[in-house]
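Enquirer: Here you go, this is structure-v9.pdb (PDB, C-alpha atoms and all ligand atoms).
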```pdb
ATOM      1  CA  MET A   1     -60.160-108.079-168.049  1.00  0.00           C
ATOM      2  CA  LYS A   2     -57.265-107.125-170.264  1.00  0.00           C
ATOM      3  CA  ILE A   3     -53.937-106.773-168.521  1.00  0.00           C
ATOM      4  CA  GLN A   4     -53.644-103.117-169.576  1.00  0.00           C
ATOM      5  CA  VAL A   5     -56.978-102.310-167.913  1.00  0.00           C
ATOM      6  CA  ILE A   6     -55.887-104.017-164.704  1.00  0.00           C
ATOM      7  CA  GLU A   7     -52.627-102.110-164.805  1.00  0.00           C
ATOM      8  CA  ASP A   8     -54.470 -98.815-165.313  1.00  0.00           C
ATOM      9  CA  ILE A   9     -56.729 -99.510-162.342  1.00  0.00           C
ATOM     10  CA  LEU A  10     -53.760-100.509-160.186  1.00  0.00           C
ATOM     11  CA  GLN A  11     -51.951 -97.341-161.198  1.00  0.00           C
ATOM     12  CA  ILE A  12     -54.880 -95.259-159.899  1.00  0.00           C
ATOM     13  CA  PHE A  13     -54.972 -96.923-156.494  1.00  0.00           C
ATOM     14  CA  PHE A  14     -51.350 -97.985-156.158  1.00  0.00           C
ATOM     15  CA  PRO A  15     -49.401 -95.687-158.460  1.00  0.00           C
ATOM     16  CA  LYS A  16     -45.877 -96.657-159.418  1.00  0.00           C
ATOM     17  CA  LEU A  17     -43.595 -94.079-157.953  1.00  0.00           C
ATOM     18  CA  CYS A  18     -40.457 -92.459-159.225  1.00  0.00           C
ATOM     19  CA  LEU A  19     -37.612 -94.232-157.457  1.00  0.00           C
ATOM     20  CA  ILE A  20     -35.844 -90.942-156.926  1.00  0.00           C
ATOM     21  CA  CYS A  21     -38.469 -88.334-155.937  1.00  0.00           C
ATOM     22  CA  GLU A  22     -41.309 -90.761-155.098  1.00  0.00           C
ATOM     23  CA  TYR A  23     -43.966 -88.851-157.059  1.00  0.00           C
ATOM     24  CA  PRO A  24     -46.330 -90.994-159.198  1.00  0.00           C
ATOM     25  CA  LEU A  25     -44.984 -91.903-162.626  1.00  0.00           C
ATOM     26  CA  PHE A  26     -46.783 -91.269-165.903  1.00  0.00           C
ATOM     27  CA  GLU A  27     -47.700 -94.266-168.026  1.00  0.00           C
ATOM     28  CA  ASN A  28     -44.669 -93.951-170.310  1.00  0.00           C
ATOM     29  CA  GLU A  29     -42.176 -93.516-167.475  1.00  0.00           C
ATOM     30  CA  VAL A  30     -40.174 -96.320-165.857  1.00  0.00           C
ATOM     31  CA  PHE A  31     -38.075 -96.176-162.673  1.00  0.00           C
ATOM     32  CA  ALA A  32     -37.646 -92.425-162.676  1.00  0.00           C
ATOM     33  CA  CYS A  33     -39.822 -89.497-163.745  1.00  0.00           C
ATOM     34  CA  THR A  34     -38.742 -87.314-166.648  1.00  0.00           C
ATOM     35  CA  ILE A  35     -37.722 -84.481-164.328  1.00  0.00           C
ATOM     36  CA  CYS A  36     -35.442 -86.701-162.229  1.00  0.00           C
ATOM     37  CA  ARG A  37     -33.872 -88.204-165.356  1.00  0.00           C
ATOM     38  CA  HIS A  38     -33.033 -84.758-166.653  1.00  0.00           C
ATOM     39  CA  ASP A  39     -31.611 -83.875-163.264  1.00  0.00           C
ATOM     40  CA  LEU A  40     -29.276 -86.882-163.049  1.00  0.00           C
ATOM     41  CA  PRO A  41     -25.712 -85.512-162.941  1.00  0.00           C
ATOM     42  CA  VAL A  42     -24.142 -86.837-166.150  1.00  0.00           C
ATOM     43  CA  LEU A  43     -20.348 -86.942-165.944  1.00  0.00           C
ATOM     44  CA  PHE A  44     -19.435 -88.931-169.081  1.00  0.00           C
ATOM     45  CA  PHE A  45     -16.008 -87.788-170.357  1.00  0.00           C
ATOM     46  CA  LYS A  46     -15.507 -87.028-174.051  1.00  0.00           C
ATOM     47  CA  ASP A  47     -11.912 -88.234-173.760  1.00  0.00           C
ATOM     48  CA  ALA A  48     -11.660 -91.748-172.326  1.00  0.00           C
ATOM     49  CA  SER A  49      -7.872 -91.941-172.413  1.00  0.00           C
ATOM     50  CA  LYS A  50      -7.188 -88.924-170.184  1.00  0.00           C
ATOM     51  CA  ASN A  51      -9.663 -87.743-167.568  1.00  0.00           C
ATOM     52  CA  GLU A  52     -10.379 -87.597-163.834  1.00  0.00           C
ATOM     53  CA  ILE A  53     -10.836 -91.354-163.657  1.00  0.00           C
ATOM     54  CA  SER A  54      -7.679 -92.324-165.479  1.00  0.00           C
ATOM     55  CA  ARG A  55      -5.801 -89.832-163.261  1.00  0.00           C
ATOM     56  CA  LYS A  56      -7.154 -91.598-160.194  1.00  0.00           C
ATOM     57  CA  PHE A  57      -5.256 -94.727-161.251  1.00  0.00           C
ATOM     58  CA  TYR A  58      -1.972 -93.061-162.207  1.00  0.00           C
ATOM     59  CA  GLY A  59       0.912 -94.935-160.628  1.00  0.00           C
ATOM     60  CA  ARG A  60      -1.424 -97.697-159.486  1.00  0.00           C
ATOM     61  CA  ILE A  61      -2.615 -99.550-162.578  1.00  0.00           C
ATOM     62  CA  PRO A  62      -1.890 -98.842-166.244  1.00  0.00           C
ATOM     63  CA  LEU A  63      -5.204 -98.262-168.028  1.00  0.00           C
ATOM     64  CA  GLU A  64      -6.070 -97.966-171.700  1.00  0.00           C
ATOM     65  CA  GLU A  65      -9.347 -96.072-171.281  1.00  0.00           C
ATOM     66  CA  ALA A  66     -11.612 -95.108-168.390  1.00  0.00           C
ATOM     67  CA  ASN A  67     -15.035 -93.524-168.148  1.00  0.00           C
ATOM     68  CA  THR A  68     -18.219 -93.245-166.106  1.00  0.00           C
ATOM     69  CA  LEU A  69     -21.827 -92.202-166.616  1.00  0.00           C
ATOM     70  CA  LEU A  70     -22.959 -90.293-163.533  1.00  0.00           C
ATOM     71  CA  SER A  71     -21.516 -88.256-160.720  1.00  0.00           C
ATOM     72  CA  PHE A  72     -22.126 -89.858-157.321  1.00  0.00           C
ATOM     73  CA  SER A  73     -22.604 -87.842-154.141  1.00  0.00           C
ATOM     74  CA  LYS A  74     -23.798 -88.689-150.658  1.00  0.00           C
ATOM     75  CA  GLU A  75     -27.161 -86.969-150.965  1.00  0.00           C
ATOM     76  CA  GLY A  76     -27.589 -87.116-154.709  1.00  0.00           C
ATOM     77  CA  LYS A  77     -30.028 -88.709-157.143  1.00  0.00           C
ATOM     78  CA  THR A  78     -27.398 -91.128-158.430  1.00  0.00           C
ATOM     79  CA  LYS A  79     -27.030 -92.602-154.962  1.00  0.00           C
ATOM     80  CA  LYS A  80     -30.782 -93.200-154.756  1.00  0.00           C
ATOM     81  CA  LEU A  81     -30.774 -94.972-158.122  1.00  0.00           C
ATOM     82  CA  ILE A  82     -27.768 -97.185-157.329  1.00  0.00           C
ATOM     83  CA  HIS A  83     -29.238 -97.998-153.924  1.00  0.00           C
ATOM     84  CA  GLU A  84     -32.464 -99.163-155.590  1.00  0.00           C
ATOM     85  CA  LEU A  85     -30.444-101.292-157.996  1.00  0.00           C
ATOM     86  CA  LYS A  86     -28.335-102.906-155.280  1.00  0.00           C
ATOM     87  CA  TYR A  87     -30.579-103.185-152.272  1.00  0.00           C
ATOM     88  CA  ASN A  88     -34.173-102.948-153.438  1.00  0.00           C
ATOM     89  CA  GLY A  89     -34.416-105.571-156.167  1.00  0.00           C
ATOM     90  CA  ASN A  90     -34.620-103.078-159.039  1.00  0.00           C
ATOM     91  CA  GLU A  91     -32.260-105.059-161.230  1.00  0.00           C
ATOM     92  CA  ASN A  92     -33.543-103.449-164.445  1.00  0.00           C
ATOM     93  CA  ILE A  93     -31.974-100.123-163.525  1.00  0.00           C
ATOM     94  CA  GLY A  94     -28.845-101.848-164.862  1.00  0.00           C
ATOM     95  CA  ASN A  95     -30.502-102.029-168.297  1.00  0.00           C
ATOM     96  CA  PHE A  96     -31.449 -98.368-168.141  1.00  0.00           C
ATOM     97  CA  LEU A  97     -27.913 -97.245-167.247  1.00  0.00           C
ATOM     98  CA  GLY A  98     -26.317 -99.740-169.660  1.00  0.00           C
ATOM     99  CA  ASN A  99     -28.401 -98.545-172.615  1.00  0.00           C
ATOM    100  CA  TRP A 100     -27.658 -94.960-171.748  1.00  0.00           C
ATOM    101  CA  ILE A 101     -23.882 -95.385-171.580  1.00  0.00           C
ATOM    102  CA  GLY A 102     -23.922 -97.806-174.538  1.00  0.00           C
ATOM    103  CA  GLU A 103     -25.336 -95.054-176.769  1.00  0.00           C
ATOM    104  CA  LEU A 104     -22.666 -92.632-175.523  1.00  0.00           C
ATOM    105  CA  LEU A 105     -19.862 -95.128-176.158  1.00  0.00           C
ATOM    106  CA  ILE A 106     -20.989 -95.666-179.751  1.00  0.00           C
ATOM    107  CA  GLU A 107     -21.472 -91.951-180.343  1.00  0.00           C
ATOM    108  CA  ASN A 108     -17.975 -91.162-179.013  1.00  0.00           C
ATOM    109  CA  LYS A 109     -16.240 -94.267-180.422  1.00  0.00           C
ATOM    110  CA  GLN A 110     -14.879 -95.328-177.030  1.00  0.00           C
ATOM    111  CA  PHE A 111     -13.730 -98.778-175.858  1.00  0.00           C
ATOM    112  CA  THR A 112     -13.871-100.042-179.427  1.00  0.00           C
ATOM    113  CA  GLU A 113     -10.724-102.148-178.938  1.00  0.00           C
ATOM    114  CA  VAL A 114     -11.872-104.242-175.955  1.00  0.00           C
ATOM    115  CA  ASP A 115     -12.187-108.031-176.258  1.00  0.00           C
ATOM    116  CA  PHE A 116     -14.218-108.904-173.166  1.00  0.00           C
ATOM    117  CA  ILE A 117     -16.394-107.176-170.613  1.00  0.00           C
ATOM    118  CA  VAL A 118     -15.805-108.336-167.046  1.00  0.00           C
ATOM    119  CA  PRO A 119     -17.883-107.254-164.028  1.00  0.00           C
ATOM    120  CA  VAL A 120     -16.360-106.801-160.582  1.00  0.00           C
ATOM    121  CA  PRO A 121     -17.500-110.072-158.990  1.00  0.00           C
ATOM    122  CA  LEU A 122     -19.771-110.270-155.980  1.00  0.00           C
ATOM    123  CA  HIS A 123     -18.951-112.271-152.897  1.00  0.00           C
ATOM    124  CA  PRO A 124     -20.840-115.607-153.219  1.00  0.00           C
ATOM    125  CA  LYS A 125     -22.799-114.905-150.028  1.00  0.00           C
ATOM    126  CA  LYS A 126     -23.879-111.495-151.265  1.00  0.00           C
ATOM    127  CA  LEU A 127     -24.867-112.971-154.606  1.00  0.00           C
ATOM    128  CA  LYS A 128     -27.013-115.551-152.886  1.00  0.00           C
ATOM    129  CA  LYS A 129     -28.671-112.942-150.690  1.00  0.00           C
ATOM    130  CA  ARG A 130     -29.300-110.421-153.492  1.00  0.00           C
ATOM    131  CA  GLY A 131     -30.106-113.036-156.118  1.00  0.00           C
ATOM    132  CA  TYR A 132     -28.247-111.141-158.851  1.00  0.00           C
ATOM    133  CA  ASN A 133     -25.046-109.262-159.518  1.00  0.00           C
ATOM    134  CA  GLN A 134     -26.109-105.629-159.988  1.00  0.00           C
ATOM    135  CA  LEU A 135     -23.589-105.377-162.829  1.00  0.00           C
ATOM    136  CA  THR A 136     -24.967-108.196-164.989  1.00  0.00           C
ATOM    137  CA  LYS A 137     -27.750-106.292-166.778  1.00  0.00           C
ATOM    138  CA  PHE A 138     -25.502-103.251-167.170  1.00  0.00           C
ATOM    139  CA  GLY A 139     -22.755-105.493-168.552  1.00  0.00           C
ATOM    140  CA  GLU A 140     -25.160-107.209-170.948  1.00  0.00           C
ATOM    141  CA  ARG A 141     -26.215-103.876-172.425  1.00  0.00           C
ATOM    142  CA  VAL A 142     -22.611-102.641-172.742  1.00  0.00           C
ATOM    143  CA  SER A 143     -21.788-106.002-174.328  1.00  0.00           C
ATOM    144  CA  PHE A 144     -24.617-105.482-176.818  1.00  0.00           C
ATOM    145  CA  TYR A 145     -23.454-102.007-177.825  1.00  0.00           C
ATOM    146  CA  LEU A 146     -19.750-102.875-178.080  1.00  0.00           C
ATOM    147  CA  ASN A 147     -20.563-106.259-179.608  1.00  0.00           C
ATOM    148  CA  LYS A 148     -18.083-107.994-177.293  1.00  0.00           C
ATOM    149  CA  PRO A 149     -18.867-110.860-174.913  1.00  0.00           C
ATOM    150  CA  LEU A 150     -19.518-110.489-171.196  1.00  0.00           C
ATOM    151  CA  LYS A 151     -17.366-112.913-169.176  1.00  0.00           C
ATOM    152  CA  GLN A 152     -18.747-113.442-165.701  1.00  0.00           C
ATOM    153  CA  ASN A 153     -17.062-116.487-164.233  1.00  0.00           C
ATOM    154  CA  ILE A 154     -13.368-115.996-164.916  1.00  0.00           C
ATOM    155  CA  LEU A 155     -12.681-113.374-162.262  1.00  0.00           C
ATOM    156  CA  LEU A 156     -14.244-114.429-158.959  1.00  0.00           C
ATOM    157  CA  LYS A 157     -14.457-113.057-155.472  1.00  0.00           C
ATOM    158  CA  ILE A 158     -13.308-115.715-153.094  1.00  0.00           C
ATOM    159  CA  ASP A 159     -14.707-116.656-149.771  1.00  0.00           C
ATOM    160  CA  THR A 160     -11.665-116.654-147.520  1.00  0.00           C
ATOM    161  CA  THR A 161     -13.639-116.960-144.299  1.00  0.00           C
ATOM    162  CA  LYS A 162     -14.015-120.740-144.597  1.00  0.00           C
ATOM    163  CA  THR A 163     -10.288-121.446-144.465  1.00  0.00           C
ATOM    164  CA  GLN A 164      -9.497-118.983-141.687  1.00  0.00           C
ATOM    165  CA  THR A 165      -9.425-119.267-137.936  1.00  0.00           C
ATOM    166  CA  PHE A 166     -11.503-116.810-135.953  1.00  0.00           C
ATOM    167  CA  LYS A 167      -8.418-114.743-135.115  1.00  0.00           C
ATOM    168  CA  GLN A 168      -7.330-114.538-138.749  1.00  0.00           C
ATOM    169  CA  ARG A 169     -10.844-113.630-139.750  1.00  0.00           C
ATOM    170  CA  PHE A 170     -10.881-110.807-137.243  1.00  0.00           C
ATOM    171  CA  GLU A 171      -7.458-109.505-138.235  1.00  0.00           C
ATOM    172  CA  ARG A 172      -8.021-109.709-141.926  1.00  0.00           C
ATOM    173  CA  PHE A 173     -11.568-108.439-141.919  1.00  0.00           C
ATOM    174  CA  GLU A 174     -10.789-105.507-144.212  1.00  0.00           C
ATOM    175  CA  ASN A 175      -8.630-107.472-146.618  1.00  0.00           C
ATOM    176  CA  ASN A 176     -11.316-110.088-147.050  1.00  0.00           C
ATOM    177  CA  GLU A 177     -13.286-107.552-148.998  1.00  0.00           C
ATOM    178  CA  LEU A 178     -10.563-107.435-151.618  1.00  0.00           C
ATOM    179  CA  LYS A 179      -9.743-111.051-152.370  1.00  0.00           C
ATOM    180  CA  PHE A 180     -10.212-111.861-156.018  1.00  0.00           C
ATOM    181  CA  SER A 181      -9.169-114.870-158.002  1.00  0.00           C
ATOM    182  CA  LEU A 182      -8.553-115.264-161.721  1.00  0.00           C
ATOM    183  CA  GLN A 183      -9.740-118.756-162.587  1.00  0.00           C
ATOM    184  CA  ASP A 184      -7.943-119.010-165.895  1.00  0.00           C
ATOM    185  CA  THR A 185      -4.950-116.926-166.997  1.00  0.00           C
ATOM    186  CA  THR A 186      -5.005-118.105-170.625  1.00  0.00           C
ATOM    187  CA  ILE A 187      -8.439-116.765-171.661  1.00  0.00           C
ATOM    188  CA  PHE A 188      -7.417-113.173-170.921  1.00  0.00           C
ATOM    189  CA  ALA A 189      -3.815-113.497-172.136  1.00  0.00           C
ATOM    190  CA  ASN A 190      -3.052-110.843-174.801  1.00  0.00           C
ATOM    191  CA  LYS A 191      -6.621-109.540-174.448  1.00  0.00           C
ATOM    192  CA  HIS A 192      -8.097-106.159-173.652  1.00  0.00           C
ATOM    193  CA  ILE A 193     -10.520-106.359-170.724  1.00  0.00           C
ATOM    194  CA  LEU A 194     -13.187-103.808-169.924  1.00  0.00           C
ATOM    195  CA  LEU A 195     -13.719-104.013-166.176  1.00  0.00           C
ATOM    196  CA  ILE A 196     -17.090-102.635-165.018  1.00  0.00           C
ATOM    197  CA  ASP A 197     -18.343-101.522-161.595  1.00  0.00           C
ATOM    198  CA  ASP A 198     -21.178 -99.524-160.044  1.00  0.00           C
ATOM    199  CA  VAL A 199     -19.583 -96.830-157.868  1.00  0.00           C
ATOM    200  CA  LEU A 200     -15.965 -95.731-158.119  1.00  0.00           C
ATOM    201  CA  THR A 201     -14.815 -94.007-154.935  1.00  0.00           C
ATOM    202  CA  THR A 202     -11.264 -94.763-153.785  1.00  0.00           C
ATOM    203  CA  GLY A 203     -10.669 -97.246-156.581  1.00  0.00           C
ATOM    204  CA  ALA A 204      -9.388 -99.865-154.129  1.00  0.00           C
ATOM    205  CA  THR A 205     -11.729-102.611-155.371  1.00  0.00           C
ATOM    206  CA  LEU A 206     -10.980-101.958-159.029  1.00  0.00           C
ATOM    207  CA  GLU A 207      -7.260-101.810-158.266  1.00  0.00           C
ATOM    208  CA  ALA A 208      -7.431-105.191-156.490  1.00  0.00           C
ATOM    209  CA  CYS A 209      -9.313-106.679-159.470  1.00  0.00           C
ATOM    210  CA  CYS A 210      -6.771-105.244-161.911  1.00  0.00           C
ATOM    211  CA  LYS A 211      -3.865-106.682-159.945  1.00  0.00           C
ATOM    212  CA  GLU A 212      -5.447-110.110-160.113  1.00  0.00           C
ATOM    213  CA  LEU A 213      -6.315-109.715-163.821  1.00  0.00           C
ATOM    214  CA  ARG A 214      -2.698-108.842-164.565  1.00  0.00           C
ATOM    215  CA  LYS A 215      -1.750-112.424-163.784  1.00  0.00           C
ATOM    216  CA  ALA A 216      -2.873-113.011-167.366  1.00  0.00           C
ATOM    217  CA  PRO A 217       0.163-112.330-169.578  1.00  0.00           C
ATOM    218  CA  ASN A 218       0.156-109.155-171.633  1.00  0.00           C
ATOM    219  CA  ILE A 219      -3.358-108.150-170.598  1.00  0.00           C
ATOM    220  CA  LYS A 220      -4.722-104.638-171.269  1.00  0.00           C
ATOM    221  CA  ILE A 221      -7.350-103.139-168.990  1.00  0.00           C
ATOM    222  CA  SER A 222      -9.959-100.389-169.303  1.00  0.00           C
ATOM    223  CA  ILE A 223     -12.505 -99.304-166.699  1.00  0.00           C
ATOM    224  CA  LEU A 224     -16.141 -98.252-167.016  1.00  0.00           C
ATOM    225  CA  THR A 225     -18.385 -97.475-164.052  1.00  0.00           C
ATOM    226  CA  MET A 226     -21.987 -96.432-163.568  1.00  0.00           C
ATOM    227  CA  SER A 227     -20.896 -93.601-161.313  1.00  0.00           C
ATOM    228  CA  PHE A 228     -17.926 -91.778-159.864  1.00  0.00           C
ATOM    229  CA  THR A 229     -17.447 -89.954-156.555  1.00  0.00           C
ATOM    230  CA  ARG A 230     -15.505 -86.803-157.339  1.00  0.00           C
TER     231      ARG A 230
HETATM  232 ZN    ZN B 301     -38.747 -88.177-159.929  1.00  0.00          ZN
END
```
Could you take the file, read its structure, and then write that structure out as structure tokens?
Ligand SMILES: [Zn+2]
Expert:
Amino acid sequence: MKIQVIEDILQIFFPKLCLICEYPLFENEVFACTICRHDLPVLFFKDASKNEISRKFYGRIPLEEANTLLSFSKEGKTKKLIHELKYNGNENIGNFLGNWIGELLIENKQFTEVDFIVPVPLHPKKLKKRGYNQLTKFGERVSFYLNKPLKQNILLKIDTTKTQTFKQRFERFENNELKFSLQDTTIFANKHILLIDDVLTTGATLEACCKELRKAPNIKISILTMSFTR
């Protein structure tokens, strides 16, 4: 039997469902049905140098440009999509979101000056458990559209638990989440880095990454996220 026929039969008995509303998908739909896609709360800012996101970092980190794709809320469709990407193995949602924002970046001539795209790194244990960094596919698509390389192993999240005593581990539990390490300060020296993340809420993670990145002399930083909690 041809693969298409098998797929059609499977779709009748075990239909692929929209990841957001859970209704069966049509043949030409992937991840989300057309209705849910149209309902996703797009937040992309026309001006990347001055907007709600750049304001969030005022007085914390100097940024060149900042933008996001979707608005994130506790009960919203964006949350469902990001949850599927991070916790349910749907890694290709990163491609979908990356292509979407890539088109918008080209159309609006944003982030044209960046040299490298750098994802917020995952803790090694999380990476092992999940099997992928949820930002890799997204970063690859953004890299394709901007025609700038994705650099994944220069900024790392470090495992501080190994070198700590139990007491230290307990006391520093919250800080552990924010330990990053720049492996090489020369590669990013005098470069413009586009730091990418999935959900921007308080900005604490991105701020911690930026502080570490700024160990590279004369670095410039921009931020792009899949979603933003207003
Ligand atoms: Zn749907």
Enquirer: So how far away is atom CA of Val199 of chain A from atom CA of Ser227 of chain A, in Å?
Expert: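 These atoms are spaced 4.9 Å apart.
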Enquirer: Within 10 Å of Leu104 of chain A, counting all atoms listed in the file, which residues qualify if same-chain residues fewer than 3 places away don't, as a ChimeraX atom specification?
Expert: /A:44-46,69,98-101,107-110,145
Enquirer: Can you list what the PyMOL selection byres (((not hetatm)) within 9 of (chain B and resi 301)) grabs from this structure, as an MDAnalysis selection string?
Expert: chainID A and resid 17:25 31:37 39
Enquirer: Counting only C-alpha atoms, what is within 8 Å of segment 80-92 of chain A, bar same-chain residues fewer than 2 positions away, as an mmCIF file with C-alpha atoms, in the coordinates of the input?
Expert:
```cif
data_model
loop_
_atom_site.group_PDB
_atom_site.id
_atom_site.type_symbol
_atom_site.label_atom_id
_atom_site.label_comp_id
_atom_site.auth_asym_id
_atom_site.auth_seq_id
_atom_site.Cartn_x
_atom_site.Cartn_y
_atom_site.Cartn_z
ATOM 1 C CA LEU A 19 -37.612 -94.232 -157.457
ATOM 2 C CA ILE A 20 -35.844 -90.942 -156.926
ATOM 3 C CA GLY A 76 -27.589 -87.116 -154.709
ATOM 4 C CA LYS A 77 -30.028 -88.709 -157.143
ATOM 5 C CA THR A 78 -27.398 -91.128 -158.430
ATOM 6 C CA GLY A 94 -28.845 -101.848 -164.862
ATOM 7 C CA ASN A 95 -30.502 -102.029 -168.297
ATOM 8 C CA PHE A 96 -31.449 -98.368 -168.141
ATOM 9 C CA ARG A 130 -29.300 -110.421 -153.492
ATOM 10 C CA TYR A 132 -28.247 -111.141 -158.851
ATOM 11 C CA GLN A 134 -26.109 -105.629 -159.988
ATOM 12 C CA LYS A 137 -27.750 -106.292 -166.778
ATOM 13 C CA ASP A 198 -21.178 -99.524 -160.044
#
```
Enquirer: Report, in Å with one decimal, the straight-line distance from atom CA of Thr185 of chain A to atom CA of Asp197 of chain A.
Expert: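 A separation of 21.1 Å between them.
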Enquirer: Pick out the closest residue to Lys179 of chain A from this set: A:Ile221, A:Leu122, A:Leu97, A:Ala48. Count all atoms listed in the file.
Expert: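 Comparing A:Ile221, A:Leu122, A:Leu97, A:Ala48 against Lys179 of chain A, the winner is A:Leu122.
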Enquirer: For His192 of chain A, which residue among A:Val142, A:Leu43, A:Cys210, A:Leu105 is the nearest when counting all atoms listed in the file?
Expert: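 Of A:Val142, A:Leu43, A:Cys210, A:Leu105, the one nearest His192 of chain A, counting all atoms listed in the file, is A:Cys210.
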Enquirer: For Asn51 of chain A, which residue among A:Ile6, A:Leu150, A:Leu194, A:Ile223 is the nearest when counting all atoms listed in the file?
Expert: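 Looking at the shortest contact to Asn51 of chain A, the residue is A:Ile223.
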Enquirer: Have a look at atom CA of Lys79 of chain A and atom CA of Arg55 of chain A and let me know their distance in Å, one decimal.
Expert: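 Separation of atom CA of Lys79 of chain A and atom CA of Arg55 of chain A: 23.0 Å.
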Enquirer: Would you please work out which residue, of A:Glu212, A:Glu103, A:Asp115, A:Glu65, is nearest to Leu224 of chain A when using only C-alpha atoms?
Expert: A:Glu65
Enquirer: Show me the residues close to (-13.9, -105.0, -178.6) - anything with an atom within 10 Å, counting only C-alpha atoms - and format the list as a ChimeraX atom specification.
Expert: /A:110-117,143,146-149,191-194
Enquirer: Using only C-alpha atoms, can you tell me which of A:Asp47, A:Pro62, A:Gly139, A:Asn67 comes closest to Lys220 of chain A?
Expert: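 Between A:Asp47, A:Pro62, A:Gly139, A:Asn67, the residue approaching Lys220 of chain A most closely is A:Pro62.
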Enquirer: Could you check which of A:Gly203, A:Asp8, A:Lys56, A:Val120 is closest to Phe26 of chain A, using all atoms listed in the file?
Expert: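 Answer, going by the shortest atom-to-atom distance: A:Asp8.
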Enquirer: Run the PyMOL selection byres (((chain A and resi 158) around 8) and not hetatm) mentally over the shown coordinates, then write out the matched residues as an MDAnalysis selection string, using the chain letters and numbers from the document.
Expert: chainID A and resid 123:124 156:157 159:160 179:181
Enquirer: Which protein, DNA or RNA residues have an atom at most 7 Å from (-15.3, -115.4, -162.2), counting only C-alpha atoms? List them as a PyMOL selection string.
Expert: chain A and resi 121+152-156+182-183
